[in-house]
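Visitor: Quick one, coords_35.cif (mmCIF, C-alpha atoms; chains and numbers go by the auth columns):
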```cif
data_my_file
#
loop_
_atom_site.group_PDB
_atom_site.id
_atom_site.type_symbol
_atom_site.label_atom_id
_atom_site.label_comp_id
_atom_site.label_asym_id
_atom_site.label_seq_id
_atom_site.Cartn_x
_atom_site.Cartn_y
_atom_site.Cartn_z
_atom_site.B_iso_or_equiv
_atom_site.auth_seq_id
_atom_site.auth_asym_id
ATOM 1 C CA MET A 1 0.000 0.000 0.000 0.00 6 A
ATOM 2 C CA LEU A 2 1.322 3.428 -0.893 0.00 7 A
ATOM 3 C CA SER A 3 -0.289 6.648 0.152 0.00 8 A
ATOM 4 C CA VAL A 4 0.951 10.144 -0.531 0.00 9 A
ATOM 5 C CA SER A 5 -0.258 13.331 1.126 0.00 10 A
ATOM 6 C CA VAL A 6 0.818 16.890 0.581 0.00 11 A
ATOM 7 C CA TRP A 7 0.141 19.611 3.110 0.00 12 A
ATOM 8 C CA SER A 8 0.767 23.204 2.096 0.00 13 A
ATOM 9 C CA TRP A 9 0.341 26.544 3.782 0.00 14 A
ATOM 10 C CA THR A 10 0.739 30.092 2.556 0.00 15 A
ATOM 11 C CA HIS A 11 0.256 33.322 4.441 0.00 16 A
ATOM 12 C CA SER A 12 -2.605 35.409 3.072 0.00 17 A
ATOM 13 C CA GLY A 13 -0.272 38.394 2.686 0.00 18 A
ATOM 14 C CA GLY A 14 1.936 36.338 0.388 0.00 19 A
ATOM 15 C CA ARG A 15 5.125 37.200 2.296 0.00 20 A
ATOM 16 C CA VAL A 16 5.622 33.779 3.854 0.00 21 A
ATOM 17 C CA PRO A 17 6.915 31.180 1.379 0.00 22 A
ATOM 18 C CA LEU A 18 4.955 28.023 0.743 0.00 23 A
ATOM 19 C CA VAL A 19 5.480 25.474 3.508 0.00 24 A
ATOM 20 C CA GLU A 20 5.042 21.945 2.270 0.00 25 A
ATOM 21 C CA LEU A 21 5.372 18.455 3.668 0.00 26 A
ATOM 22 C CA LYS A 22 5.029 15.398 1.460 0.00 27 A
ATOM 23 C CA VAL A 23 4.256 12.156 3.269 0.00 28 A
ATOM 24 C CA SER A 24 4.179 8.704 1.716 0.00 29 A
ATOM 25 C CA SER A 25 3.884 5.353 3.439 0.00 30 A
ATOM 26 C CA ARG A 26 4.285 1.749 2.460 0.00 31 A
ATOM 27 C CA SER A 27 4.472 -1.624 4.178 0.00 32 A
ATOM 28 C CA GLU A 28 7.662 -3.607 3.719 0.00 33 A
ATOM 29 C CA GLY A 29 7.715 -6.990 5.384 0.00 34 A
ATOM 30 C CA ASP A 30 8.034 -6.512 9.130 0.00 35 A
ATOM 31 C CA HIS A 31 7.949 -2.710 9.056 0.00 36 A
ATOM 32 C CA VAL A 32 6.166 0.345 7.717 0.00 37 A
ATOM 33 C CA VAL A 33 8.167 3.100 6.029 0.00 38 A
ATOM 34 C CA VAL A 34 6.869 6.658 6.206 0.00 39 A
ATOM 35 C CA ALA A 35 8.935 8.870 3.896 0.00 40 A
ATOM 36 C CA LEU A 36 8.904 12.622 4.486 0.00 41 A
ATOM 37 C CA SER A 37 9.975 15.477 2.279 0.00 42 A
ATOM 38 C CA GLY A 38 9.811 19.169 3.155 0.00 43 A
ATOM 39 C CA GLU A 39 9.395 20.960 6.459 0.00 44 A
ATOM 40 C CA ILE A 40 7.811 19.798 9.700 0.00 45 A
ATOM 41 C CA ASP A 41 6.474 22.708 11.714 0.00 46 A
ATOM 42 C CA LEU A 42 3.351 24.065 13.374 0.00 47 A
ATOM 43 C CA TYR A 43 1.480 24.115 10.072 0.00 48 A
ATOM 44 C CA THR A 44 2.470 20.723 8.668 0.00 49 A
ATOM 45 C CA ALA A 45 2.709 18.706 11.912 0.00 50 A
ATOM 46 C CA PRO A 46 -1.021 17.834 12.049 0.00 51 A
ATOM 47 C CA ARG A 47 -0.750 16.010 8.701 0.00 52 A
ATOM 48 C CA LEU A 48 2.284 14.079 9.926 0.00 53 A
ATOM 49 C CA GLN A 49 0.559 13.225 13.186 0.00 54 A
ATOM 50 C CA SER A 50 -2.431 11.864 11.292 0.00 55 A
ATOM 51 C CA GLN A 51 -0.260 9.731 8.982 0.00 56 A
ATOM 52 C CA LEU A 52 1.835 8.308 11.842 0.00 57 A
ATOM 53 C CA ALA A 53 -1.260 7.536 13.930 0.00 58 A
ATOM 54 C CA SER A 54 -2.782 5.692 10.966 0.00 59 A
ATOM 55 C CA ALA A 55 0.365 3.618 10.519 0.00 60 A
ATOM 56 C CA LEU A 56 0.394 2.734 14.222 0.00 61 A
ATOM 57 C CA ASN A 57 -3.339 2.034 14.537 0.00 62 A
ATOM 58 C CA VAL A 58 -3.109 -1.739 14.207 0.00 63 A
ATOM 59 C CA ASP A 59 -3.564 -4.718 16.510 0.00 64 A
ATOM 60 C CA HIS A 60 0.082 -5.778 16.528 0.00 65 A
ATOM 61 C CA PRO A 61 3.474 -4.220 17.305 0.00 66 A
ATOM 62 C CA VAL A 62 4.733 -2.006 14.502 0.00 67 A
ATOM 63 C CA ARG A 63 8.280 -1.185 13.537 0.00 68 A
ATOM 64 C CA LEU A 64 7.808 2.252 12.008 0.00 69 A
ATOM 65 C CA VAL A 65 10.721 3.641 9.998 0.00 70 A
ATOM 66 C CA VAL A 66 10.450 7.375 9.369 0.00 71 A
ATOM 67 C CA ASP A 67 12.641 8.319 6.420 0.00 72 A
ATOM 68 C CA MET A 68 13.823 11.820 7.375 0.00 73 A
ATOM 69 C CA SER A 69 16.328 12.192 4.528 0.00 74 A
ATOM 70 C CA GLY A 70 14.035 14.640 2.720 0.00 75 A
ATOM 71 C CA VAL A 71 13.275 16.816 5.748 0.00 76 A
ATOM 72 C CA ASP A 72 14.815 20.287 5.481 0.00 77 A
ATOM 73 C CA PHE A 73 13.499 21.620 8.794 0.00 78 A
ATOM 74 C CA CYS A 74 11.841 20.260 11.929 0.00 79 A
ATOM 75 C CA ASP A 75 10.764 22.431 14.847 0.00 80 A
ATOM 76 C CA SER A 76 9.664 21.474 18.358 0.00 81 A
ATOM 77 C CA THR A 77 6.129 20.775 17.143 0.00 82 A
ATOM 78 C CA GLY A 78 7.500 18.174 14.734 0.00 83 A
ATOM 79 C CA MET A 79 9.676 16.623 17.433 0.00 84 A
ATOM 80 C CA ASN A 80 6.628 16.353 19.701 0.00 85 A
ATOM 81 C CA VAL A 81 4.709 14.556 16.942 0.00 86 A
ATOM 82 C CA LEU A 82 7.571 12.068 16.556 0.00 87 A
ATOM 83 C CA LEU A 83 7.750 11.594 20.339 0.00 88 A
ATOM 84 C CA ALA A 84 4.008 10.930 20.532 0.00 89 A
ATOM 85 C CA ALA A 85 4.357 8.332 17.769 0.00 90 A
ATOM 86 C CA GLN A 86 7.238 6.685 19.647 0.00 91 A
ATOM 87 C CA ARG A 87 5.152 6.562 22.830 0.00 92 A
ATOM 88 C CA MET A 88 2.196 5.056 20.953 0.00 93 A
ATOM 89 C CA ALA A 89 4.401 2.474 19.230 0.00 94 A
ATOM 90 C CA ARG A 90 6.092 1.414 22.472 0.00 95 A
ATOM 91 C CA GLU A 91 2.748 1.087 24.276 0.00 96 A
ATOM 92 C CA HIS A 92 1.933 -1.640 21.749 0.00 97 A
ATOM 93 C CA GLY A 93 5.369 -3.294 21.707 0.00 98 A
ATOM 94 C CA GLY A 94 6.631 -1.470 18.614 0.00 99 A
ATOM 95 C CA ASN A 95 9.256 1.149 17.853 0.00 100 A
ATOM 96 C CA VAL A 96 9.853 4.258 15.770 0.00 101 A
ATOM 97 C CA GLU A 97 13.159 4.589 13.927 0.00 102 A
ATOM 98 C CA LEU A 98 14.416 7.752 12.241 0.00 103 A
ATOM 99 C CA SER A 99 16.328 7.052 9.050 0.00 104 A
ATOM 100 C CA GLY A 100 18.816 9.400 7.405 0.00 105 A
ATOM 101 C CA PRO A 101 18.092 12.704 9.128 0.00 106 A
ATOM 102 C CA ARG A 102 19.948 15.688 7.684 0.00 107 A
ATOM 103 C CA PRO A 103 22.541 17.514 9.830 0.00 108 A
ATOM 104 C CA ALA A 104 20.108 20.216 11.022 0.00 109 A
ATOM 105 C CA VAL A 105 17.688 17.571 12.314 0.00 110 A
ATOM 106 C CA VAL A 106 20.526 15.508 13.830 0.00 111 A
ATOM 107 C CA LYS A 107 21.648 18.602 15.740 0.00 112 A
ATOM 108 C CA ILE A 108 18.142 19.086 17.168 0.00 113 A
ATOM 109 C CA LEU A 109 18.076 15.435 18.230 0.00 114 A
ATOM 110 C CA GLN A 110 21.466 15.812 19.923 0.00 115 A
ATOM 111 C CA VAL A 111 20.763 19.128 21.656 0.00 116 A
ATOM 112 C CA THR A 112 17.449 17.867 23.034 0.00 117 A
ATOM 113 C CA GLY A 113 18.787 14.425 23.980 0.00 118 A
ATOM 114 C CA LEU A 114 16.235 12.753 21.710 0.00 119 A
ATOM 115 C CA GLU A 115 18.881 10.753 19.874 0.00 120 A
ATOM 116 C CA SER A 116 18.727 8.416 22.884 0.00 121 A
ATOM 117 C CA VAL A 117 14.930 8.083 22.608 0.00 122 A
ATOM 118 C CA PHE A 118 14.855 7.058 18.949 0.00 123 A
ATOM 119 C CA THR A 119 16.846 4.550 16.966 0.00 124 A
ATOM 120 C CA VAL A 120 18.588 6.806 14.453 0.00 125 A
ATOM 121 C CA THR A 121 20.150 5.203 11.394 0.00 126 A
ATOM 122 C CA GLY A 122 22.924 6.850 9.372 0.00 127 A
ATOM 123 C CA ASP A 123 23.129 9.781 7.033 0.00 128 A
ATOM 124 C CA GLY A 124 20.783 8.926 4.216 0.00 129 A
ATOM 125 C CA ALA A 125 21.496 5.238 4.795 0.00 130 A
ATOM 126 C CA PRO A 126 18.988 3.101 2.955 0.00 131 A
ATOM 127 C CA VAL A 127 16.331 1.529 5.104 0.00 132 A
ATOM 128 C CA PRO A 128 16.509 -2.273 4.981 0.00 133 A
ATOM 129 C CA GLY A 129 14.004 -3.529 2.452 0.00 134 A
ATOM 130 C CA GLN A 130 14.022 -0.397 0.286 0.00 135 A
#
```
Spit out the file's structure as structure tokens when you get a sec.

Guide:
Amino acid sequence: MLSVSVWSWTHSGGRVPLVELKVSSRSEGDHVVVALSGEIDLYTAPRLQSQLASALNVDHPVRLVVDMSGVDFCDSTGMNVLLAAQRMAREHGGNVELSGPRPAVVKILQVTGLESVFTVTGDGAPVPGQ
């Protein structure tokens, strides 16, 4: 199954550039891959939260791999969405892994100590099964 969602936001005055987050998901054997591209912030986080909740809303433990290699920016709202997904996954015996985050996102994970909460796989390293 592959689903793709795009969430965009523009300021009515036209001064704020388009903020976009593309989300696609697919099942691959023992895990679900959610691939992200764009920015995760206050405006796009609700779409991500909805997609992650859908992927985790099953009757069995889920290994959820979030491909972050296309994420240019992630603020605290985005980090909270990822944390909520991790909590939900662990409550059901699963896990959330972050794959290939860019340096700016890695720095946020390090500064906040969240690199110890998530399994983080290398710089743009392919996710097993891709």

Visitor: Excluding same-chain residues fewer than 2 positions from A:Val122, what lies within 12 Å of it counting all atoms listed in the file, as a PyMOL selection string?

Guide: chain A and resi 84+87-92+95+100-103+114-115+117-120+124-125

Visitor: Create the file for the chosen residues now, containing C-alpha atoms and written as a PDB file, in the coordinates of the input.

Guide:
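In the end it all went to result_26.pdb:
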```pdb
ATOM      1  CA  MET A  84       9.676  16.623  17.433  1.00  0.00           C
ATOM      2  CA  LEU A  87       7.571  12.068  16.556  1.00  0.00           C
ATOM      3  CA  LEU A  88       7.750  11.594  20.339  1.00  0.00           C
ATOM      4  CA  ALA A  89       4.008  10.930  20.532  1.00  0.00           C
ATOM      5  CA  ALA A  90       4.357   8.332  17.769  1.00  0.00           C
ATOM      6  CA  GLN A  91       7.238   6.685  19.647  1.00  0.00           C
ATOM      7  CA  ARG A  92       5.152   6.562  22.830  1.00  0.00           C
ATOM      8  CA  ARG A  95       6.092   1.414  22.472  1.00  0.00           C
ATOM      9  CA  ASN A 100       9.256   1.149  17.853  1.00  0.00           C
ATOM     10  CA  VAL A 101       9.853   4.258  15.770  1.00  0.00           C
ATOM     11  CA  GLU A 102      13.159   4.589  13.927  1.00  0.00           C
ATOM     12  CA  LEU A 103      14.416   7.752  12.241  1.00  0.00           C
ATOM     13  CA  LEU A 114      18.076  15.435  18.230  1.00  0.00           C
ATOM     14  CA  GLN A 115      21.466  15.812  19.923  1.00  0.00           C
ATOM     15  CA  THR A 117      17.449  17.867  23.034  1.00  0.00           C
ATOM     16  CA  GLY A 118      18.787  14.425  23.980  1.00  0.00           C
ATOM     17  CA  LEU A 119      16.235  12.753  21.710  1.00  0.00           C
ATOM     18  CA  GLU A 120      18.881  10.753  19.874  1.00  0.00           C
ATOM     19  CA  THR A 124      16.846   4.550  16.966  1.00  0.00           C
ATOM     20  CA  VAL A 125      18.588   6.806  14.453  1.00  0.00           C
TER      21      VAL A 125
END
```

Visitor: Need the shell around A:Asp35: protein/DNA/RNA residues with any atom at most 10 Å away, counting only C-alpha atoms. Skip same-chain ones fewer than 5 positions apart. Format as a list in words?

Guide: Pro66, Val67, Arg68, Leu69 and Gly134 of chain A

Visitor: Just checking: using all atoms listed in the file, which residue out of A:Thr126, A:Ser74, A:Thr82, A:Ser121 ends up closest to A:Leu53?

Guide: A:Thr82

Visitor: Give me, please, the distance in Å between atom CA of A:Lys112 and atom CA of A:Phe78, quoted to one decimal.

Guide: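 Computing it gives 11.1 Å between the two atoms.
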
Visitor: Once 6 Å is added on each side, what centre and edge lengths in Å to one decimal does the axis-aligned box around all listed atoms of stretch 68-75 of chain A have, as lines of an AutoDock Vina configuration file?

Guide:
```
center_x = 12.1
center_y = 6.7
center_z = 8.1
size_x = 20.5
size_y = 27.8
size_z = 22.8
```

Visitor: For a test of reading the model, state the distance in Å between atom CA of A:Cys79 and atom CA of A:Val116, rounded to one decimal.

Guide: 13.2 Å

Visitor: Find, counting all atoms listed in the file, the residue in A:Met73, A:Val37, A:Met93, A:Val86 that gets nearest to A:Ser55.

Guide: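 Between A:Met73, A:Val37, A:Met93, A:Val86, the residue approaching A:Ser55 most closely is A:Val86.
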
Visitor: Just checking: using only C-alpha atoms, which residue out of A:Gly98, A:Pro108, A:Gly75, A:Gly127 ends up closest to A:Val28?

Guide: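 Ranked by minimum distance to A:Val28, first place goes to A:Gly75.
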
Visitor: Counting all atoms listed in the file, figure out which residue out of A:Ala109, A:Ala94, A:Leu26, A:Val63 gets nearest to A:Ala50.

Guide: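 The shortest atom-to-atom distance to A:Ala50 comes from A:Leu26.
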
Visitor: Interatomic distance between atom CA of A:Val110 and atom CA of A:Gln56?

Guide: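 Value for the atom CA of A:Val110-atom CA of A:Gln56 distance: 19.9 Å.
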
Visitor: Using all atoms listed in the file, find the one residue out of A:Ser59, A:His65, A:Asp80, A:Ser42 that sits nearest to A:Gly105.

Guide: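 Of A:Ser59, A:His65, A:Asp80, A:Ser42, the one nearest A:Gly105, counting all atoms listed in the file, is A:Ser42.
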